[in-house]
>>> print(open('data33.pdb').read())   # PDB, C-alpha atoms
MODEL        1
ATOM      1  CA  LYS S 286      73.292  86.094 101.400
ATOM      2  CA  THR S 287      69.785  85.353 100.264
ATOM      3  CA  ALA S 288      67.019  87.836  99.645
ATOM      4  CA  GLY S 289      64.885  86.155 102.293
ATOM      5  CA  ASN S 290      67.346  87.262 104.950
ATOM      6  CA  TYR S 291      66.506  90.884 104.224
ATOM      7  CA  ALA S 292      62.774  90.750 103.523
ATOM      8  CA  ALA S 293      61.892  91.620 107.120
ATOM      9  CA  SER S 294      64.065  94.745 106.966
ATOM     10  CA  MET S 295      62.268  96.305 104.002
ATOM     11  CA  ARG S 296      59.603  98.083 106.064
ATOM     12  CA  ALA S 297      62.130  99.558 108.482
ATOM     13  CA  SER S 298      64.305 100.682 105.564
ATOM     14  CA  GLU S 299      61.320 102.376 103.941
ATOM     15  CA  GLN S 300      60.456 104.152 107.205
ATOM     16  CA  ALA S 301      64.083 105.265 107.579
ATOM     17  CA  ARG S 302      64.122 106.677 104.035
ATOM     18  CA  ASP S 303      60.884 108.553 104.770
ATOM     19  CA  ARG S 304      62.704 110.229 107.678
ATOM     20  CA  GLY S 305      65.705 111.191 105.542
ATOM     21  CA  CYS S 306      67.984 108.346 106.609
ATOM     22  CA  THR S 307      69.996 106.159 104.266
ATOM     23  CA  GLN S 308      70.275 103.087 106.525
ATOM     24  CA  VAL S 309      68.792 101.402 109.593
ATOM     25  CA  LEU S 310      70.844 100.806 112.728
ATOM     26  CA  TRP S 311      69.596  97.478 114.061
ATOM     27  CA  LEU S 312      69.257  96.808 117.779
ATOM     28  CA  ASP S 313      69.071  93.365 119.363
ATOM     29  CA  ALA S 314      65.692  91.655 119.119
ATOM     30  CA  CYS S 315      65.427  90.707 122.817
ATOM     31  CA  GLU S 316      66.142  93.879 124.779
ATOM     32  CA  ARG S 317      66.200  96.373 121.896
ATOM     33  CA  LYS S 318      69.064  98.280 123.463
ATOM     34  CA  TYR S 319      72.255  96.790 122.011
ATOM     35  CA  VAL S 320      73.512  97.775 118.568
ATOM     36  CA  GLU S 321      73.959  94.854 116.188
ATOM     37  CA  GLU S 322      74.596  96.132 112.663
ATOM     38  CA  VAL S 323      73.674  98.831 110.182
ATOM     39  CA  GLY S 324      71.705  97.823 107.118
ATOM     40  CA  THR S 325      73.465  94.668 105.960
ATOM     41  CA  SER S 326      76.871  95.808 107.233
ATOM     42  CA  ASN S 327      78.927  95.565 110.397
ATOM     43  CA  ILE S 328      79.148  98.716 112.525
ATOM     44  CA  PHE S 329      82.068 100.332 114.347
ATOM     45  CA  PHE S 330      82.255 103.220 116.793
ATOM     46  CA  PHE S 331      85.482 105.073 117.577
ATOM     47  CA  ILE S 332      84.974 106.269 121.153
ATOM     48  CA  ASN S 333      87.753 107.702 123.320
ATOM     49  CA  ASP S 334      90.412 106.421 120.907
ATOM     50  CA  LYS S 335      89.049 102.847 121.053
ATOM     51  CA  LEU S 336      87.488 101.061 118.116
ATOM     52  CA  ILE S 337      84.370  99.282 119.347
ATOM     53  CA  THR S 338      82.200  96.818 117.460
ATOM     54  CA  PRO S 339      79.471  94.422 118.609
ATOM     55  CA  PRO S 340      80.596  90.843 119.146
ATOM     56  CA  LEU S 341      79.606  88.206 116.634
ATOM     57  CA  SER S 342      76.444  86.449 117.649
ATOM     58  CA  GLY S 343      73.797  84.315 116.049
ATOM     59  CA  SER S 344      72.294  87.425 114.482
ATOM     60  CA  ILE S 345      75.464  89.200 113.310
ATOM     61  CA  LEU S 346      77.283  87.941 110.246
ATOM     62  CA  GLY S 347      81.060  87.977 110.652
ATOM     63  CA  GLY S 348      82.182  90.020 107.680
ATOM     64  CA  ILE S 349      85.580  89.677 106.009
ATOM     65  CA  THR S 350      85.963  93.458 105.920
ATOM     66  CA  ARG S 351      85.048  93.626 109.618
ATOM     67  CA  ASN S 352      87.860  91.207 110.396
ATOM     68  CA  SER S 353      90.279  93.106 108.146
ATOM     69  CA  VAL S 354      89.488  96.394 109.904
ATOM     70  CA  ILE S 355      90.061  94.792 113.307
ATOM     71  CA  MET S 356      93.403  93.363 112.167
ATOM     72  CA  LEU S 357      94.562  96.655 110.654
ATOM     73  CA  ALA S 358      93.569  98.680 113.723
ATOM     74  CA  GLN S 359      95.358  96.258 116.031
ATOM     75  CA  SER S 360      98.476  96.405 113.852
ATOM     76  CA  TRP S 361      98.411 100.196 114.313
ATOM     77  CA  ASP S 362      98.162  99.780 118.109
ATOM     78  CA  ILE S 363      94.587 101.062 118.192
ATOM     79  CA  GLY S 364      92.634  99.424 120.982
ATOM     80  CA  VAL S 365      89.832  97.246 119.623
ATOM     81  CA  GLU S 366      86.919  96.051 121.732
ATOM     82  CA  GLU S 367      84.426  93.448 120.549
ATOM     83  CA  ARG S 368      81.633  93.838 123.100
ATOM     84  CA  PRO S 369      77.966  94.683 123.457
ATOM     85  CA  VAL S 370      77.371  98.347 122.617
ATOM     86  CA  ALA S 371      74.231  99.887 124.094
ATOM     87  CA  ILE S 372      72.534 102.544 121.981
ATOM     88  CA  ASP S 373      72.477 104.705 125.131
ATOM     89  CA  GLU S 374      76.284 104.523 125.258
ATOM     90  CA  VAL S 375      76.522 105.695 121.650
ATOM     91  CA  ILE S 376      74.076 108.568 122.250
ATOM     92  CA  GLU S 377      75.904 109.628 125.419
ATOM     93  CA  ALA S 378      79.258 109.503 123.604
ATOM     94  CA  SER S 379      77.800 111.661 120.834
ATOM     95  CA  GLN S 380      76.489 114.163 123.350
ATOM     96  CA  ASN S 381      79.699 114.426 125.368
ATOM     97  CA  GLY S 382      81.985 114.516 122.323
ATOM     98  CA  SER S 383      83.775 111.212 122.918
ATOM     99  CA  LEU S 384      82.243 109.592 119.801
ATOM    100  CA  GLN S 385      84.935 110.511 117.308
ATOM    101  CA  GLU S 386      83.729 108.459 114.335
ATOM    102  CA  SER S 387      81.415 105.702 113.263
ATOM    103  CA  PHE S 388      81.451 103.630 110.101
ATOM    104  CA  ALA S 389      79.965 100.516 108.577
ATOM    105  CA  THR S 390      81.985  97.829 106.829
ATOM    106  CA  GLY S 391      81.039  95.491 104.042
ATOM    107  CA  THR S 392      82.374  93.800 100.942
ATOM    108  CA  ALA S 393      80.935  96.251  98.425
ATOM    109  CA  ALA S 394      81.129  99.474 100.428
ATOM    110  CA  VAL S 395      84.403  98.640 102.241
ATOM    111  CA  ILE S 396      84.171 101.552 104.731
ATOM    112  CA  SER S 397      81.003 103.689 104.849
ATOM    113  CA  PRO S 398      81.235 106.631 107.251
ATOM    114  CA  VAL S 399      78.253 107.444 109.464
ATOM    115  CA  GLY S 400      77.784 111.197 109.772
ATOM    116  CA  GLU S 401      74.644 111.263 111.877
ATOM    117  CA  LEU S 402      72.365 109.039 113.938
ATOM    118  CA  LEU S 403      68.646 109.640 114.218
ATOM    119  CA  TYR S 404      67.257 108.026 117.360
ATOM    120  CA  GLY S 405      63.658 108.737 118.193
ATOM    121  CA  ASP S 406      63.147 112.261 116.947
ATOM    122  CA  ILE S 407      66.628 113.511 117.841
ATOM    123  CA  SER S 408      69.555 113.765 115.460
ATOM    124  CA  TYR S 409      73.036 113.076 116.825
ATOM    125  CA  PRO S 410      75.853 114.322 114.582
ATOM    126  CA  ILE S 411      79.104 112.381 114.408
ATOM    127  CA  ASN S 412      82.326 114.272 113.628
ATOM    128  CA  ASP S 413      80.267 117.188 112.284
ATOM    129  CA  GLY S 414      78.975 114.881 109.544
ATOM    130  CA  LYS S 415      82.459 114.500 108.038
ATOM    131  CA  THR S 416      84.428 111.385 107.262
ATOM    132  CA  GLY S 417      86.922 110.907 110.068
ATOM    133  CA  PRO S 418      90.665 110.349 109.753
ATOM    134  CA  LEU S 419      90.502 106.739 110.956
ATOM    135  CA  SER S 420      87.816 105.883 108.383
ATOM    136  CA  ILE S 421      89.918 107.463 105.648
ATOM    137  CA  ARG S 422      93.086 105.689 106.767
ATOM    138  CA  LEU S 423      91.371 102.293 106.979
ATOM    139  CA  TYR S 424      89.732 102.704 103.577
ATOM    140  CA  GLU S 425      92.939 103.804 101.877
ATOM    141  CA  GLU S 426      95.005 101.024 103.456
ATOM    142  CA  LEU S 427      92.472  98.298 102.629
ATOM    143  CA  GLN S 428      92.235  99.468  99.031
ATOM    144  CA  ALA S 429      96.017  99.734  98.676
ATOM    145  CA  ILE S 430      96.511  96.192  99.971
ATOM    146  CA  GLN S 431      93.661  94.785  97.860
ATOM    147  CA  TYR S 432      94.969  96.372  94.663
ATOM    148  CA  GLY S 433      98.602  95.435  95.327
ATOM    149  CA  HIS S 434      99.832  99.002  95.863
ATOM    150  CA  ARG S 435     101.061  98.127  99.345
ATOM    151  CA  GLU S 436     102.626  95.069 100.886
ATOM    152  CA  ASP S 437     100.148  92.552 102.279
ATOM    153  CA  PRO S 438     101.370  91.784 105.811
ATOM    154  CA  PHE S 439      98.289  89.652 106.536
ATOM    155  CA  SER S 440      98.472  87.300 103.520
ATOM    156  CA  TRP S 441      95.026  88.374 102.350
ATOM    157  CA  ARG S 442      95.894  88.305  98.658
ATOM    158  CA  VAL S 443      96.263  85.043  96.823
ATOM    159  CA  LYS S 444      97.701  84.862  93.328
ATOM    160  CA  VAL S 445      95.403  82.929  91.017
ATOM    161  CA  GLY S 446      96.591  81.255  87.859
TER
ENDMDL
END
>>> encode(input="data33.pdb", output="structure tokens")
Amino acid sequence: KTAGNYAASMRASEQARDRGCTQVLWLDACERKYVEEVGTSNIFFFINDKLITPPLSGSILGGITRNSVIMLAQSWDIGVEERPVAIDEVIEASQNGSLQESFATGTAAVISPVGELLYGDISYPINDGKTGPLSIRLYEELQAIQYGHREDPFSWRVKVG
């Protein structure tokens, strides 16, 4: 990733920080209604026991951790949907209680729970601001596989030397 890729996001990040937020949830550039990613990470929503993430497009980088999360969830028989996610759907799910968790994925952060969304001037809590059980399970399993504490059923690890 080059610094030039993120230069345009600096102003939005500064505005988000001024409002007490730690990251920016990016919407699509055309309609400005579909979630794309958060900061420089992929985003997931756990709604009604389904793990939902935006599909890869020309503007979303397909992360390794994103793919690993999808594979793990599927291996645990958790339904995974890669589809457009409207911000209105996320807000509605937060309001009606069907948004169980949300988290970002990335190489450095692995799994970063989202405890709250600020959209407009309204704050929408997610799981009472706590890290959810799926986020914890995914994080612990990914770390255990990466560090060789658990078997690697996906052949992610490669012995070097």
>>> residues_around(input="data33.pdb", residues="segment 326-334 of chain S", least_positions_apart="3", cutoff="8 Å", atoms="all atoms listed in the file", output="list in words")
Glu321, Glu322, Val323, Ile337, Thr338, Pro339, Ile345, Leu346, Gly347, Gly348, Arg351, Ile363, Gly364, Val375, Ala378, Ser383, Leu384, Gln385, Glu386, Ser387, Phe388, Ala389, Thr390 and Gly391 of chain S
>>> closest_residue(input="data33.pdb", among="S:Leu341, S:Ile430, S:Val443, S:Leu419", to="Ser397 of chain S", atoms="all atoms listed in the file")
S:Leu419
>>> closest_residue(input="data33.pdb", among="S:Met356, S:Leu310, S:Cys315, S:Leu336", to="Asp437 of chain S", atoms="all atoms listed in the file")
S:Met356
>>> resolve_selection(input="data33.pdb", expression="the PyMOL selection byres ((chain S and resi 402) around 10)", output="list in words")
Cys306, Gln308, Val309, Leu310, Val375, Ile376, Ser379, Ser387, Val399, Gly400, Glu401, Leu403, Tyr404, Gly405, Ile407, Ser408, Tyr409, Pro410, Ile411 and Gly414 of chain S
>>> resolve_selection(input="data33.pdb", expression="the PyMOL selection byres ((chain S and resi 421) around 12)", output="ChimeraX atom specification")
/S:354,386-388,395-398,415-420,422-428
>>> closest_residue(input="data33.pdb", among="S:Gly324, S:Arg317, S:Ser353, S:Ser344", to="Ser440 of chain S", atoms="only C-alpha atoms")
S:Ser353
>>> atom_distance(input="data33.pdb", atom1="atom CA of Lys335 of chain S", atom2="atom CA of Ala358 of chain S")
9.6 Å
>>> atom_distance(input="data33.pdb", atom1="atom CA of Thr350 of chain S", atom2="atom CA of Asn381 of chain S")
29.3 Å
>>> resolve_selection(input="data33.pdb", expression="the PyMOL selection byres ((chain S and resi 372) around 6)", output="VMD selection string")
chain S and resid 318 to 320 371 373 to 375
>>> atom_distance(input="data33.pdb", atom1="atom CA of Pro340 of chain S", atom2="atom CA of Asn352 of chain S")
11.4 Å
>>> decode(input="data33.pdb", residues="segment 397-437 of chain S", atoms="N, CA and C atoms", output="mmCIF file, in the first residue's frame")
data_model
loop_
_atom_site.group_PDB
_atom_site.id
_atom_site.type_symbol
_atom_site.label_atom_id
_atom_site.label_comp_id
_atom_site.auth_asym_id
_atom_site.auth_seq_id
_atom_site.Cartn_x
_atom_site.Cartn_y
_atom_site.Cartn_z
ATOM 1 N N SER S 397 -10.539 -6.033 14.759
ATOM 2 C CA SER S 397 -10.755 -4.819 15.558
ATOM 3 C C SER S 397 -12.256 -4.619 15.741
ATOM 4 N N PRO S 398 -12.757 -4.881 16.941
ATOM 5 C CA PRO S 398 -14.197 -4.738 17.178
ATOM 6 C C PRO S 398 -14.670 -3.293 16.997
ATOM 7 N N VAL S 399 -15.887 -3.152 16.509
ATOM 8 C CA VAL S 399 -16.541 -1.853 16.383
ATOM 9 C C VAL S 399 -17.618 -1.806 17.466
ATOM 10 N N GLY S 400 -17.501 -0.859 18.371
ATOM 11 C CA GLY S 400 -18.449 -0.771 19.480
ATOM 12 C C GLY S 400 -19.564 0.230 19.261
ATOM 13 N N GLU S 401 -19.382 1.090 18.251
ATOM 14 C CA GLU S 401 -20.373 2.148 18.040
ATOM 15 C C GLU S 401 -20.184 2.745 16.652
ATOM 16 N N LEU S 402 -21.293 3.106 16.029
ATOM 17 C CA LEU S 402 -21.261 3.830 14.758
ATOM 18 C C LEU S 402 -21.861 5.210 14.990
ATOM 19 N N LEU S 403 -21.222 6.209 14.445
ATOM 20 C CA LEU S 403 -21.773 7.562 14.459
ATOM 21 C C LEU S 403 -22.143 7.876 13.021
ATOM 22 N N TYR S 404 -23.425 8.083 12.782
ATOM 23 C CA TYR S 404 -23.901 8.387 11.426
ATOM 24 C C TYR S 404 -24.748 9.646 11.517
ATOM 25 N N GLY S 405 -24.324 10.668 10.810
ATOM 26 C CA GLY S 405 -24.958 11.973 11.011
ATOM 27 C C GLY S 405 -24.599 12.434 12.409
ATOM 28 N N ASP S 406 -25.603 12.772 13.176
ATOM 29 C CA ASP S 406 -25.367 13.185 14.560
ATOM 30 C C ASP S 406 -25.860 12.151 15.557
ATOM 31 N N ILE S 407 -26.154 10.943 15.080
ATOM 32 C CA ILE S 407 -26.717 9.910 15.950
ATOM 33 C C ILE S 407 -25.716 8.789 16.145
ATOM 34 N N SER S 408 -25.576 8.369 17.392
ATOM 35 C CA SER S 408 -24.684 7.278 17.749
ATOM 36 C C SER S 408 -25.489 5.982 17.838
ATOM 37 N N TYR S 409 -24.964 4.935 17.225
ATOM 38 C CA TYR S 409 -25.616 3.630 17.223
ATOM 39 C C TYR S 409 -24.683 2.617 17.896
ATOM 40 N N PRO S 410 -25.001 2.227 19.132
ATOM 41 C CA PRO S 410 -24.138 1.265 19.821
ATOM 42 C C PRO S 410 -24.259 -0.131 19.203
ATOM 43 N N ILE S 411 -23.175 -0.875 19.284
ATOM 44 C CA ILE S 411 -23.140 -2.246 18.801
ATOM 45 C C ILE S 411 -22.707 -3.133 19.962
ATOM 46 N N ASN S 412 -23.549 -4.080 20.329
ATOM 47 C CA ASN S 412 -23.261 -5.018 21.422
ATOM 48 C C ASN S 412 -22.868 -4.274 22.706
ATOM 49 N N ASP S 413 -23.577 -3.205 22.989
ATOM 50 C CA ASP S 413 -23.316 -2.382 24.179
ATOM 51 C C ASP S 413 -21.861 -1.915 24.257
ATOM 52 N N GLY S 414 -21.226 -1.764 23.095
ATOM 53 C CA GLY S 414 -19.845 -1.287 23.061
ATOM 54 C C GLY S 414 -18.812 -2.329 23.433
ATOM 55 N N LYS S 415 -19.239 -3.581 23.608
ATOM 56 C CA LYS S 415 -18.325 -4.648 24.033
ATOM 57 C C LYS S 415 -17.892 -5.496 22.843
ATOM 58 N N THR S 416 -16.743 -6.105 22.996
ATOM 59 C CA THR S 416 -16.273 -7.053 21.987
ATOM 60 C C THR S 416 -17.165 -8.279 22.044
ATOM 61 N N GLY S 417 -17.672 -8.690 20.895
ATOM 62 C CA GLY S 417 -18.594 -9.815 20.844
ATOM 63 C C GLY S 417 -17.901 -11.162 20.836
ATOM 64 N N PRO S 418 -18.660 -12.219 21.138
ATOM 65 C CA PRO S 418 -18.069 -13.559 21.202
ATOM 66 C C PRO S 418 -17.510 -14.060 19.868
ATOM 67 N N LEU S 419 -18.119 -13.690 18.753
ATOM 68 C CA LEU S 419 -17.585 -14.122 17.466
ATOM 69 C C LEU S 419 -16.249 -13.440 17.188
ATOM 70 N N SER S 420 -16.156 -12.149 17.473
ATOM 71 C CA SER S 420 -14.894 -11.420 17.293
ATOM 72 C C SER S 420 -13.787 -12.050 18.124
ATOM 73 N N ILE S 421 -14.108 -12.367 19.362
ATOM 74 C CA ILE S 421 -13.118 -12.984 20.259
ATOM 75 C C ILE S 421 -12.694 -14.341 19.709
ATOM 76 N N ARG S 422 -13.661 -15.158 19.328
ATOM 77 C CA ARG S 422 -13.357 -16.492 18.819
ATOM 78 C C ARG S 422 -12.494 -16.432 17.562
ATOM 79 N N LEU S 423 -12.850 -15.558 16.632
ATOM 80 C CA LEU S 423 -12.072 -15.413 15.399
ATOM 81 C C LEU S 423 -10.644 -14.966 15.700
ATOM 82 N N TYR S 424 -10.510 -13.961 16.547
ATOM 83 C CA TYR S 424 -9.186 -13.452 16.900
ATOM 84 C C TYR S 424 -8.325 -14.550 17.523
ATOM 85 N N GLU S 425 -8.894 -15.237 18.513
ATOM 86 C CA GLU S 425 -8.133 -16.270 19.210
ATOM 87 C C GLU S 425 -7.742 -17.409 18.275
ATOM 88 N N GLU S 426 -8.644 -17.817 17.405
ATOM 89 C CA GLU S 426 -8.349 -18.907 16.475
ATOM 90 C C GLU S 426 -7.290 -18.498 15.450
ATOM 91 N N LEU S 427 -7.422 -17.303 14.893
ATOM 92 C CA LEU S 427 -6.419 -16.823 13.933
ATOM 93 C C LEU S 427 -5.031 -16.752 14.570
ATOM 94 N N GLN S 428 -4.966 -16.199 15.771
ATOM 95 C CA GLN S 428 -3.686 -16.091 16.456
ATOM 96 C C GLN S 428 -3.113 -17.468 16.770
ATOM 97 N N ALA S 429 -3.943 -18.385 17.219
ATOM 98 C CA ALA S 429 -3.484 -19.727 17.567
ATOM 99 C C ALA S 429 -2.930 -20.454 16.340
ATOM 100 N N ILE S 430 -3.603 -20.298 15.207
ATOM 101 C CA ILE S 430 -3.111 -20.930 13.977
ATOM 102 C C ILE S 430 -1.815 -20.257 13.528
ATOM 103 N N GLN S 431 -1.785 -18.928 13.543
ATOM 104 C CA GLN S 431 -0.597 -18.201 13.089
ATOM 105 C C GLN S 431 0.642 -18.536 13.915
ATOM 106 N N TYR S 432 0.451 -18.701 15.231
ATOM 107 C CA TYR S 432 1.593 -18.947 16.106
ATOM 108 C C TYR S 432 1.869 -20.434 16.335
ATOM 109 N N GLY S 433 1.140 -21.303 15.617
ATOM 110 C CA GLY S 433 1.399 -22.730 15.689
ATOM 111 C C GLY S 433 0.865 -23.412 16.931
ATOM 112 N N HIS S 434 -0.052 -22.761 17.651
ATOM 113 C CA HIS S 434 -0.634 -23.366 18.849
ATOM 114 C C HIS S 434 -1.821 -24.268 18.520
ATOM 115 N N ARG S 435 -2.300 -24.159 17.302
ATOM 116 C CA ARG S 435 -3.391 -25.011 16.826
ATOM 117 C C ARG S 435 -3.027 -25.530 15.445
ATOM 118 N N GLU S 436 -3.645 -26.644 15.102
ATOM 119 C CA GLU S 436 -3.450 -27.202 13.764
ATOM 120 C C GLU S 436 -3.901 -26.175 12.731
ATOM 121 N N ASP S 437 -3.289 -26.229 11.568
ATOM 122 C CA ASP S 437 -3.610 -25.319 10.471
ATOM 123 C C ASP S 437 -4.367 -26.088 9.383
#
